[in-house]
Amino acid sequence: MYVGDRKQRLFLALLLLAESRPVTMEELIDKIWGESPIVSARKVLQHYASELRSELGRDMLPKYESGYRVLAARGQVDAHRFRALVKEARPLLGRDDEQAVRLLRQALREWGTDGLMAGEPLDGLRGQCAVKHRAKLRAEHRATTTDCLEAELRLGLHTRLIPEIADALDDGPPDERLGGLLMLAYYRAGRQADALAAFAGLRQRLADELDTTPGKELVRLHHRILQQDPELDLHADPPGSTP
């Protein structure tokens, strides 16, 4: 595994995230140093490129007019593998949830974790550019996690999913979609009181952290749980499921 200083690692990350598209010298300087680039920024980038060519091979990092690009196959980059699997899975959601879940779980494993908790993308890299890319990648991970949990809930795995949904809900800002999944999982597992408590907890977090109240969909789900709406029911967990 290649390890350079932080800015050199960010240089490589930016080229990899560009998916073989060229990135100009001006873009790289702006993204790495921001509004106050050092005088020798161009020479530093040339030095970074020279060192990377020694590690990766000259063919993988050709100079492109006034910038650089990395000619890496999509399968060589974990972020691209993740996105490709998600893209394959999304059309299957609601039609073939079992296959969709297999693909989504495989995509989430690209983050280096066994469950649904995300590793830190661009770990250790600083600056506004790294922060922006990190936030984008984490948002993609969270959306994929939620899609996966929702599909598994449709498959009747509610009992097994409760701790995973609760962890995902805790790992980030208040999320009404995840909150609704947790409420539904509790309800389908015969835990109506816990479903109602989950609503109360999320309502409090929304007020405390975002100064807002639950949306109409979540309020409607809360009402349906209070009324024990039979349409919320689903078949029991399949044999072999574990809490």
# chains A, B, ... in the order shown; residues from 1 in each chain; ligands from 1
call {"tool": "closest_atom_pairs", "arguments": {"of": "stretch 36-65 of chain A", "to": "stretch 19-26 of chain A", "cutoff": "12 Å", "atoms": "only C-alpha atoms", "output": "CSV"}}
result
residue,atom,partner,partner_atom,distance
A:Pro37,CA,A:Glu26,CA,10.4
A:Ala41,CA,A:Met25,CA,9.3
A:Arg42,CA,A:Met25,CA,7.2
A:Lys43,CA,A:Met25,CA,10.5
A:Val44,CA,A:Met25,CA,11.0
A:Leu45,CA,A:Met25,CA,8.1
A:Gln46,CA,A:Met25,CA,9.5
A:Ala49,CA,A:Met25,CA,11.3
A:Met60,CA,A:Ser20,CA,9.5
A:Leu61,CA,A:Ser20,CA,9.5
A:Pro62,CA,A:Pro22,CA,9.6
A:Lys63,CA,A:Pro22,CA,8.8
A:Tyr64,CA,A:Pro22,CA,6.5
A:Glu65,CA,A:Thr24,CA,8.1
call {"tool": "atom_distance", "arguments": {"atom1": "atom CA of A:Ala100", "atom2": "atom CA of A:Thr159"}}
result
19.7 Å
call {"tool": "closest_residue", "arguments": {"among": "A:Glu164, A:Arg142, A:Asp175, A:Val70", "to": "A:Gly57", "atoms": "only C-alpha atoms"}}
result
A:Val70
call {"tool": "select_by_dssp", "arguments": {"residues": "stretch 4-232 of chain A", "states": "helix (DSSP H, G or I)", "output": "PyMOL selection string"}}
result
chain A and resi 6-17+25-33+41-56+58-60+74-76+78-92+97-109+128-154+158-170+176-188+192-210+216-226+230-232
call {"tool": "atom_distance", "arguments": {"atom1": "atom CA of A:Asp78", "atom2": "atom CA of A:Glu110"}}
result
5.9 Å
call {"tool": "closest_residue", "arguments": {"among": "A:Glu176, A:Glu120, A:Glu35, A:Asp167", "to": "A:Thr212", "atoms": "only C-alpha atoms"}}
result
A:Glu176
